[in-house]
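Coordinates from start18.json are shown below (JSON, C-alpha atoms).
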```json
[["chain", "number", "residue", "atom", "x", "y", "z"],
["P", 956, "MET", "CA", -17.29, -18.70, -18.40],
["P", 957, "PHE", "CA", -13.95, -19.38, -16.75],
["P", 958, "GLU", "CA", -13.24, -15.67, -16.57],
["P", 959, "ILE", "CA", -16.58, -14.95, -14.84],
["P", 960, "ILE", "CA", -16.05, -17.65, -12.21],
["P", 961, "ALA", "CA", -12.48, -16.49, -11.58],
["P", 962, "PHE", "CA", -13.54, -12.85, -11.37],
["P", 963, "TYR", "CA", -16.25, -13.45, -8.77],
["P", 964, "LEU", "CA", -14.12, -15.90, -6.76],
["P", 965, "PHE", "CA", -11.17, -13.53, -6.53],
["P", 966, "ALA", "CA", -13.39, -10.50, -6.00],
["P", 967, "PHE", "CA", -15.00, -12.21, -3.00],
["P", 968, "LEU", "CA", -11.64, -13.35, -1.62],
["P", 969, "THR", "CA", -10.00, -9.95, -2.05],
["P", 970, "ILE", "CA", -12.85, -8.06, -0.42],
["P", 971, "ALA", "CA", -12.94, -10.54, 2.46],
["P", 972, "MET", "CA", -9.18, -10.29, 3.04],
["P", 973, "PHE", "CA", -9.11, -6.49, 2.93],
["P", 974, "SER", "CA", -12.12, -6.29, 5.25],
["P", 975, "ILE", "CA", -10.21, -8.39, 7.76],
["P", 976, "THR", "CA", -7.23, -6.03, 7.38],
["P", 977, "VAL", "CA", -9.37, -2.98, 8.06],
["P", 978, "PHE", "CA", -11.58, -4.31, 10.84],
["P", 979, "THR", "CA", -9.39, -6.68, 12.88],
["P", 980, "LYS", "CA", -7.88, -5.69, 16.22],
["P", 981, "ASN", "CA", -4.81, -7.91, 15.88],
["P", 982, "ALA", "CA", -1.89, -6.38, 13.97],
["P", 983, "LEU", "CA", -0.51, -9.75, 12.83],
["P", 984, "TYR", "CA", -3.88, -10.83, 11.39],
["P", 985, "ALA", "CA", -4.02, -7.52, 9.53],
["P", 986, "LEU", "CA", -0.53, -8.05, 8.11],
["P", 987, "SER", "CA", -1.13, -11.61, 6.89],
["P", 988, "SER", "CA", -4.56, -10.90, 5.43],
["P", 989, "LEU", "CA", -3.12, -7.87, 3.62],
["P", 990, "ALA", "CA", -0.42, -10.09, 2.10],
["P", 991, "ALA", "CA", -3.08, -12.61, 0.99],
["P", 992, "GLY", "CA", -5.19, -9.83, -0.53],
["P", 993, "MET", "CA", -2.20, -8.54, -2.51],
["P", 994, "ILE", "CA", -1.68, -11.98, -4.06],
["P", 995, "PHE", "CA", -5.39, -12.25, -4.92],
["P", 996, "ILE", "CA", -5.23, -8.84, -6.60],
["P", 997, "SER", "CA", -2.48, -10.09, -8.91],
["P", 998, "ALA", "CA", -5.06, -12.62, -10.19],
["P", 999, "PHE", "CA", -7.05, -9.69, -11.64],
["P", 1000, "PHE", "CA", -3.97, -8.49, -13.48],
["P", 1001, "PHE", "CA", -3.55, -11.93, -15.03],
["P", 1002, "LEU", "CA", -7.25, -11.93, -15.98],
["P", 1003, "LEU", "CA", -6.76, -8.51, -17.59],
["P", 1004, "GLU", "CA", -3.82, -9.83, -19.68],
["P", 1005, "ALA", "CA", -1.37, -7.60, -17.81],
["P", 1006, "ASP", "CA", 0.96, -10.50, -17.04],
["P", 1007, "PHE", "CA", 4.01, -8.38, -16.30],
["P", 1008, "LEU", "CA", 2.06, -6.19, -13.90],
["P", 1009, "GLY", "CA", 0.76, -9.28, -12.08],
["P", 1010, "VAL", "CA", 4.27, -10.65, -11.61],
["P", 1011, "VAL", "CA", 5.53, -7.24, -10.44],
["P", 1012, "GLN", "CA", 2.61, -7.07, -8.00],
["P", 1013, "ILE", "CA", 3.56, -10.41, -6.44],
["P", 1014, "ILE", "CA", 7.28, -9.62, -6.31],
["P", 1015, "VAL", "CA", 7.09, -6.02, -5.07],
["P", 1016, "TYR", "CA", 4.06, -6.12, -2.78],
["P", 1017, "THR", "CA", 4.13, -9.55, -1.23],
["P", 1018, "GLY", "CA", 7.89, -9.86, -1.54],
["P", 1019, "ALA", "CA", 9.34, -6.46, -0.68],
["P", 1020, "VAL", "CA", 6.61, -4.38, 0.95],
["P", 1021, "MET", "CA", 5.24, -7.16, 3.14],
["P", 1022, "ALA", "CA", 8.73, -8.20, 4.21],
["P", 1023, "LEU", "CA", 9.41, -4.58, 5.14],
["P", 1024, "TYR", "CA", 6.20, -4.40, 7.16],
["P", 1025, "ALA", "CA", 6.97, -7.70, 8.88],
["P", 1026, "PHE", "CA", 10.41, -6.31, 9.72],
["P", 1027, "GLY", "CA", 8.87, -3.10, 11.03],
["P", 1028, "MET", "CA", 6.42, -5.09, 13.15],
["P", 1029, "MET", "CA", 9.35, -6.37, 15.21],
["P", 1030, "PHE", "CA", 9.91, -2.84, 16.51],
["P", 1031, "PHE", "CA", 6.32, -2.31, 17.64],
["P", 1032, "ASP", "CA", 4.29, -4.19, 20.22],
["P", 1033, "SER", "CA", 2.29, -6.31, 17.81],
["P", 1034, "ILE", "CA", 1.23, -8.97, 20.32],
["P", 1035, "ASN", "CA", -1.28, -6.75, 22.12],
["P", 1036, "ASP", "CA", -4.63, -5.88, 20.63],
["P", 1037, "VAL", "CA", -4.80, -2.51, 18.96],
["P", 1038, "THR", "CA", -6.97, -0.27, 21.09],
["P", 1039, "GLU", "CA", -8.57, 2.57, 19.24],
["P", 1040, "ARG", "CA", -10.92, 5.25, 20.46],
["P", 1041, "ILE", "CA", -13.36, 6.31, 17.76],
["P", 1042, "ALA", "CA", -15.11, 9.57, 18.58],
["P", 1043, "ASN", "CA", -18.24, 9.42, 16.38],
["P", 1044, "PRO", "CA", -18.54, 6.53, 13.91],
["P", 1045, "LYS", "CA", -21.61, 7.94, 12.16],
["P", 1046, "VAL", "CA", -19.66, 10.91, 10.81],
["P", 1047, "VAL", "CA", -16.89, 8.58, 9.63],
["P", 1048, "PHE", "CA", -19.20, 6.31, 7.68],
["P", 1049, "GLY", "CA", -21.21, 9.21, 6.28],
["P", 1050, "LEU", "CA", -18.04, 10.88, 5.02],
["P", 1051, "THR", "CA", -16.81, 7.58, 3.55],
["P", 1052, "GLY", "CA", -20.02, 7.11, 1.58],
["P", 1053, "MET", "CA", -19.99, 10.65, 0.25],
["P", 1054, "ILE", "CA", -16.34, 10.50, -0.87],
["P", 1055, "ALA", "CA", -16.89, 7.08, -2.46],
["P", 1056, "LEU", "CA", -19.79, 8.41, -4.51],
["P", 1057, "LEU", "CA", -17.69, 11.37, -5.60],
["P", 1058, "ILE", "CA", -14.83, 9.09, -6.64],
["P", 1059, "VAL", "CA", -17.14, 6.86, -8.69],
["P", 1060, "VAL", "CA", -18.35, 9.92, -10.60],
["P", 1061, "ILE", "CA", -14.82, 11.24, -11.11],
["P", 1062, "PHE", "CA", -13.55, 7.88, -12.37],
["P", 1063, "ALA", "CA", -16.53, 6.84, -14.45],
["P", 1064, "ALA", "CA", -17.46, 10.10, -16.17],
["P", 1065, "PRO", "CA", -14.59, 10.39, -18.66],
["P", 1066, "ILE", "CA", -14.14, 6.64, -19.18],
["P", 1067, "ILE", "CA", -17.75, 5.82, -20.01],
["P", 1068, "GLY", "CA", -17.76, 8.80, -22.39],
["P", 1069, "GLU", "CA", -16.38, 6.42, -25.10],
["P", 1070, "ASN", "CA", -14.19, 9.09, -26.68],
["P", 1071, "VAL", "CA", -10.93, 7.77, -25.29],
["P", 1072, "GLN", "CA", -8.19, 7.32, -27.88],
["P", 1073, "ALA", "CA", -5.37, 4.83, -27.49],
["P", 1074, "TYR", "CA", -2.05, 6.65, -27.63],
["P", 1075, "TYR", "CA", 0.07, 3.55, -27.15],
["P", 1076, "PRO", "CA", -1.99, 0.67, -28.54],
["P", 1077, "VAL", "CA", -1.39, -2.95, -27.55],
["P", 1078, "HIS", "CA", 0.34, -4.98, -30.26],
["P", 1079, "PRO", "CA", -1.49, -8.29, -30.61],
["P", 1080, "THR", "CA", 1.57, -10.09, -31.95],
["P", 1081, "TYR", "CA", 3.87, -9.13, -29.06],
["P", 1082, "GLY", "CA", 3.66, -10.57, -25.56],
["P", 1083, "ASN", "CA", 2.66, -8.33, -22.69],
["P", 1084, "ALA", "CA", 6.17, -8.08, -21.23],
["P", 1085, "GLN", "CA", 7.68, -7.11, -24.59],
["P", 1086, "ASP", "CA", 4.94, -4.54, -25.18],
["P", 1087, "VAL", "CA", 5.40, -3.01, -21.74],
["P", 1088, "GLY", "CA", 9.16, -2.84, -22.20],
["P", 1089, "LEU", "CA", 8.78, -1.14, -25.57],
["P", 1090, "VAL", "CA", 6.57, 1.64, -24.20],
["P", 1091, "LEU", "CA", 8.41, 1.96, -20.87],
["P", 1092, "PHE", "CA", 11.83, 2.44, -22.46],
["P", 1093, "THR", "CA", 10.74, 4.80, -25.22],
["P", 1094, "LYS", "CA", 7.83, 7.00, -24.19],
["P", 1095, "TYR", "CA", 8.23, 6.73, -20.42],
["P", 1096, "LEU", "CA", 12.02, 6.63, -20.17],
["P", 1097, "ILE", "CA", 12.44, 9.86, -18.17],
["P", 1098, "PRO", "CA", 9.71, 9.04, -15.59],
["P", 1099, "PHE", "CA", 11.29, 5.59, -15.32],
["P", 1100, "GLU", "CA", 14.71, 7.07, -14.51],
["P", 1101, "VAL", "CA", 13.16, 9.56, -12.07],
["P", 1102, "ALA", "CA", 11.39, 6.66, -10.35],
["P", 1103, "ALA", "CA", 14.74, 4.86, -10.08],
["P", 1104, "VAL", "CA", 16.34, 7.91, -8.42],
["P", 1105, "MET", "CA", 13.32, 8.22, -6.12],
["P", 1106, "LEU", "CA", 13.69, 4.60, -5.02],
["P", 1107, "LEU", "CA", 17.39, 5.18, -4.33],
["P", 1108, "VAL", "CA", 16.58, 8.27, -2.24],
["P", 1109, "ALA", "CA", 13.89, 6.34, -0.36],
["P", 1110, "MET", "CA", 16.34, 3.50, 0.35],
["P", 1111, "ILE", "CA", 19.00, 5.84, 1.72],
["P", 1112, "GLY", "CA", 16.38, 7.75, 3.71],
["P", 1113, "GLY", "CA", 14.99, 4.55, 5.19],
["P", 1114, "ILE", "CA", 18.45, 3.34, 6.21],
["P", 1115, "ILE", "CA", 19.32, 6.68, 7.83],
["P", 1116, "LEU", "CA", 15.98, 7.01, 9.63],
["P", 1117, "ALA", "CA", 15.73, 3.46, 10.95],
["P", 1118, "GLY", "CA", 19.42, 2.79, 11.46],
["P", 1119, "LYS", "CA", 20.06, 5.29, 14.27],
["P", 1120, "LYS", "CA", 21.57, 3.75, 17.42],
["P", 1121, "MET", "CA", 21.75, 0.32, 15.81],
["P", 1122, "ASP", "CA", 25.55, 0.22, 16.12],
["P", 1123, "VAL", "CA", 25.30, -1.27, 19.63],
["P", 1124, "SER", "CA", 24.42, -4.92, 20.08],
["P", 1125, "PHE", "CA", 22.85, -5.86, 23.41],
["P", 1126, "THR", "CA", 23.56, -9.56, 22.89],
["P", 1127, "GLU", "CA", 27.33, -9.00, 23.02],
["P", 1128, "MET", "CA", 27.28, -6.96, 26.27],
["P", 1129, "ASP", "CA", 27.05, -8.15, 29.86],
["P", 1130, "GLU", "CA", 24.34, -7.00, 32.26],
["P", 1131, "GLN", "CA", 26.30, -4.08, 33.71],
["P", 1132, "GLU", "CA", 27.04, -2.55, 30.33],
["P", 1133, "ILE", "CA", 23.42, -2.89, 29.22],
["P", 1134, "ASP", "CA", 22.20, -1.13, 32.37],
["P", 1135, "ASN", "CA", 24.66, 1.72, 31.83],
["P", 1136, "HIS", "CA", 23.66, 2.05, 28.22],
["P", 1137, "LYS", "CA", 19.94, 2.05, 29.05],
["P", 1138, "SER", "CA", 20.32, 4.72, 31.72],
["P", 1139, "ASP", "CA", 22.24, 6.91, 29.24],
["P", 1140, "TYR", "CA", 19.45, 6.40, 26.77],
["P", 1141, "GLU", "CA", 16.74, 7.28, 29.30],
["P", 1142, "ILE", "CA", 18.55, 10.55, 30.14],
["P", 1143, "THR", "CA", 18.75, 11.60, 26.52],
["P", 1144, "LYS", "CA", 15.07, 10.72, 26.13],
["P", 1145, "ASP", "CA", 14.05, 12.91, 29.07],
["P", 1146, "VAL", "CA", 16.11, 15.85, 27.84],
["P", 1147, "LYS", "CA", 14.30, 15.82, 24.56],
["C", 1079, "MET", "CA", -16.71, -9.33, -17.99],
["C", 1080, "ILE", "CA", -17.07, -5.69, -18.97],
["C", 1081, "LEU", "CA", -15.15, -2.65, -17.81],
["C", 1082, "ASN", "CA", -17.83, -1.59, -15.33],
["C", 1083, "ASP", "CA", -17.48, -4.82, -13.31],
["C", 1084, "TYR", "CA", -13.80, -4.12, -12.73],
["C", 1085, "LEU", "CA", -14.46, -0.46, -11.93],
["C", 1086, "ILE", "CA", -17.13, -1.41, -9.39],
["C", 1087, "LEU", "CA", -14.79, -3.93, -7.77],
["C", 1088, "SER", "CA", -12.04, -1.32, -7.66],
["C", 1089, "THR", "CA", -14.41, 1.17, -6.04],
["C", 1090, "ILE", "CA", -15.49, -1.35, -3.40],
["C", 1091, "ILE", "CA", -11.87, -2.07, -2.48],
["C", 1092, "PHE", "CA", -11.09, 1.65, -2.48],
["C", 1093, "VAL", "CA", -13.98, 2.28, -0.09],
["C", 1094, "ILE", "CA", -12.71, -0.46, 2.23],
["C", 1095, "GLY", "CA", -9.34, 1.30, 2.30],
["C", 1096, "LEU", "CA", -11.03, 4.65, 2.85],
["C", 1097, "ILE", "CA", -12.99, 3.31, 5.82],
["C", 1098, "GLY", "CA", -9.68, 2.06, 7.21],
["C", 1099, "VAL", "CA", -8.02, 5.45, 6.78],
["C", 1100, "LEU", "CA", -10.90, 7.22, 8.49],
["C", 1101, "ARG", "CA", -11.42, 4.90, 11.44],
["C", 1102, "ARG", "CA", -7.94, 3.59, 12.26],
["C", 1103, "LYS", "CA", -5.96, 5.32, 14.99],
["C", 1104, "ASN", "CA", -2.91, 3.07, 14.93],
["C", 1105, "LEU", "CA", -0.38, 4.41, 12.42],
["C", 1106, "ILE", "CA", 0.77, 1.07, 10.98],
["C", 1107, "MET", "CA", -2.86, 0.07, 10.40],
["C", 1108, "LEU", "CA", -3.29, 3.40, 8.62],
["C", 1109, "PHE", "CA", -0.40, 2.42, 6.34],
["C", 1110, "PHE", "CA", -2.12, -0.88, 5.51],
["C", 1111, "ALA", "CA", -5.27, 1.02, 4.56],
["C", 1112, "THR", "CA", -3.33, 3.30, 2.19],
["C", 1113, "GLU", "CA", -1.79, 0.22, 0.54],
["C", 1114, "ILE", "CA", -5.30, -1.14, -0.05],
["C", 1115, "MET", "CA", -6.35, 2.14, -1.71],
["C", 1116, "LEU", "CA", -3.28, 2.15, -3.98],
["C", 1117, "ASN", "CA", -4.04, -1.41, -5.06],
["C", 1118, "ALA", "CA", -7.66, -0.56, -5.82],
["C", 1119, "VAL", "CA", -6.53, 2.21, -8.16],
["C", 1120, "ASN", "CA", -4.08, -0.21, -9.83],
["C", 1121, "ILE", "CA", -6.93, -2.60, -10.65],
["C", 1122, "ALA", "CA", -8.94, 0.23, -12.21],
["C", 1123, "LEU", "CA", -5.96, 1.39, -14.30],
["C", 1124, "ALA", "CA", -5.19, -2.14, -15.54],
["C", 1125, "ALA", "CA", -8.86, -2.70, -16.46],
["C", 1126, "ILE", "CA", -9.11, 0.57, -18.38],
["C", 1127, "SER", "CA", -5.83, -0.29, -20.11],
["C", 1128, "LYS", "CA", -7.24, -3.64, -21.25],
["C", 1129, "PHE", "CA", -10.65, -2.49, -22.41],
["C", 1130, "HIS", "CA", -9.35, 0.50, -24.34],
["C", 1131, "GLY", "CA", -6.35, -1.36, -25.79],
["C", 1132, "ASP", "CA", -3.94, 1.25, -24.45],
["C", 1133, "LEU", "CA", -0.80, 0.54, -22.42],
["C", 1134, "THR", "CA", -0.72, 3.87, -20.57],
["C", 1135, "GLY", "CA", -2.86, 2.51, -17.73],
["C", 1136, "GLN", "CA", -0.35, -0.24, -17.02],
["C", 1137, "MET", "CA", 2.51, 2.27, -17.09],
["C", 1138, "PHE", "CA", 0.80, 4.37, -14.45],
["C", 1139, "ALA", "CA", 0.20, 1.25, -12.37],
["C", 1140, "PHE", "CA", 3.96, 0.56, -12.47],
["C", 1141, "PHE", "CA", 4.78, 4.05, -11.27],
["C", 1142, "ILE", "CA", 2.18, 3.76, -8.51],
["C", 1143, "ILE", "CA", 3.86, 0.54, -7.35],
["C", 1144, "ALA", "CA", 7.27, 2.29, -7.32],
["C", 1145, "ILE", "CA", 5.86, 5.20, -5.31],
["C", 1146, "ALA", "CA", 4.17, 2.80, -2.86],
["C", 1147, "ALA", "CA", 7.46, 0.97, -2.30],
["C", 1148, "SER", "CA", 9.39, 4.17, -1.51],
["C", 1149, "GLU", "CA", 6.53, 5.42, 0.68],
["C", 1150, "VAL", "CA", 6.78, 2.26, 2.77],
["C", 1151, "ALA", "CA", 10.55, 2.60, 3.17],
["C", 1152, "ILE", "CA", 10.44, 6.23, 4.33],
["C", 1153, "GLY", "CA", 7.23, 5.82, 6.34],
["C", 1154, "LEU", "CA", 8.46, 2.82, 8.30],
["C", 1155, "GLY", "CA", 11.73, 4.62, 9.04],
["C", 1156, "LEU", "CA", 9.85, 7.60, 10.46],
["C", 1157, "LEU", "CA", 7.50, 5.28, 12.36],
["C", 1158, "ILE", "CA", 10.41, 3.43, 14.00],
["C", 1159, "LEU", "CA", 11.95, 6.77, 15.03],
["C", 1160, "TRP", "CA", 8.62, 7.92, 16.49],
["C", 1161, "PHE", "CA", 8.12, 4.65, 18.37],
["C", 1162, "LYS", "CA", 11.60, 4.93, 19.90],
["C", 1163, "ARG", "CA", 10.77, 8.41, 21.20],
["C", 1164, "ARG", "CA", 7.17, 8.09, 22.33],
["C", 1165, "ASN", "CA", 6.81, 4.31, 22.83],
["C", 1166, "SER", "CA", 3.50, 4.39, 20.97],
["C", 1167, "ILE", "CA", 2.34, 4.68, 17.36],
["C", 1168, "ASP", "CA", -1.16, 5.87, 18.18],
["C", 1169, "LEU", "CA", -2.37, 8.90, 16.24],
["C", 1170, "ASP", "CA", -3.71, 10.55, 19.40],
["C", 1171, "THR", "CA", -0.20, 10.73, 20.88],
["C", 1172, "LEU", "CA", 1.03, 12.52, 17.77],
["C", 1173, "GLN", "CA", -0.13, 15.93, 18.93],
["C", 1174, "SER", "CA", 2.47, 17.75, 20.98],
["C", 1175, "MET", "CA", 0.73, 21.14, 21.15],
["C", 1176, "GLU", "CA", -2.20, 21.25, 23.55],
["C", 1177, "GLY", "CA", -4.87, 22.95, 21.49]]
```

Represent the structure of the file as structure tokens.
Amino acid sequence: MFEIIAFYLFAFLTIAMFSITVFTKNALYALSSLAAGMIFISAFFFLLEADFLGVVQIIVYTGAVMALYAFGMMFFDSINDVTERIANPKVVFGLTGMIALLIVVIFAAPIIGENVQAYYPVHPTYGNAQDVGLVLFTKYLIPFEVAAVMLLVAMIGGIILAGKKMDVSFTEMDEQEIDNHKSDYEITKDVK
Amino acid sequence: MILNDYLILSTIIFVIGLIGVLRRKNLIMLFFATEIMLNAVNIALAAISKFHGDLTGQMFAFFIIAIAASEVAIGLGLLILWFKRRNSIDLDTLQSMEG
């Protein structure tokens, strides 16, 4: 009973939040409703007894990814409404429906077939975190290490890409220096 | 709650993300829509993992989260570079060849 109420409550909230993210014109509304939706999604992981995954969802998505997006927002003009020109909406929605149907078939066909065997069964006596750790550090050790290297590469790449020309601080210059710097920058921009 | 309920919910959320990917022209909004789609798949994987008593689904959800995190780091870096050059993150300004 409790599970059914929780499922429908969080399903409604998640769908509402993500609809706001997709359909709003304001970038800040989209960001905050996306963060709320991520937290509501972690509720499903707790309902599905994937406690560790739920905690990781909250920490990584609403902690790291949303903070990164909020940081990125400072570089873009997020105050103005997002203006978008959509050429023909009927084609877009028709395509969406077709692809969605295809995905349902792809996902549901092998799962409903009932001949799925559990390679790494859940141990009822262990907790979820212990179980996950056991499988992650034995069967999935190499993908885990590759994922670690990939995160390191992504971190270095992000720093190098975003950190260009951040060695100058406009707050520590006086007006004349800022004007000189800006005109230099404009010239390099035009040359490109 | 049976497996199909979770799969239907996951599909609905995936379709919301898909609509976003198809109709958004602003690049950062496009990123939000891809995050929604990744999360929808995570729900489906966790549900299948629970109802078949197999931990592989949760493992894949972890790797999807790791990939999403690195995608955001690289993507935002590229987006900041692009915004510095063109002063806009609209998809229509992304074409430089007049075709």

So that each row is one residue of chain C with an atom at most 6 Å from chain P, can you give its shortest atom pair and the distance in Å to one decimal, using only C-alpha atoms, rows by chain and rising number, as a tab-separated table?
```
residue	atom	partner	partner_atom	distance
C:Gly1098	CA	P:Val977	CA	5.1
C:Lys1103	CA	P:Glu1039	CA	5.7
C:Gly1131	CA	P:Val1077	CA	5.5
C:Asp1132	CA	P:Pro1076	CA	4.6
C:Leu1133	CA	P:Tyr1075	CA	5.7
C:Ser1148	CA	P:Ala1109	CA	5.1
C:Ala1151	CA	P:Gly1113	CA	5.3
C:Ile1152	CA	P:Gly1113	CA	4.9
C:Gly1155	CA	P:Ala1117	CA	4.6
```

Report the distance between atom CA of C:Arg1102 and atom CA of P:Ile994 in Å, rounded to one decimal place.
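The value is 23.4 Å.
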
Which value, in Å to one decimal, gives the distance between atom CA of P:Leu1057 and atom CA of C:Val1099?
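One can read the atom CA of P:Leu1057 to atom CA of C:Val1099 distance as 16.8 Å.
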
Residue nearest C:Leu1096 - candidates P:Phe965, P:Gly1049, P:Ala991, P:Asp1036, atoms counted: only C-alpha atoms:
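So, comparing all the options, the nearest one is P:Gly1049.
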
Record the distance separating atom CA of P:Val1010 and atom CA of C:Val1150, expressed in Å with one decimal.
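Those two atoms sit 19.5 Å apart.
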
Using all atoms listed in the file, which protein or nucleic acid residues come within 9 Å of C:Ile1126? Drop anything in the same chain fewer than 2 positions from it, and give the result as a PyMOL selection string.
(chain P and resi 1066) or (chain C and resi 1081+1084-1085+1121-1124+1128-1132+1135-1136)

Report as JSON the centre and the edge lengths, in Å to one decimal, of the axis-aligned box holding every listed atom of stretch 974-980 of chain P, padded by 5 Å on each side.
```
{"center_x": -9.7, "center_y": -5.7, "center_z": 10.7, "size_x": 14.9, "size_y": 15.4, "size_z": 21.0}
```
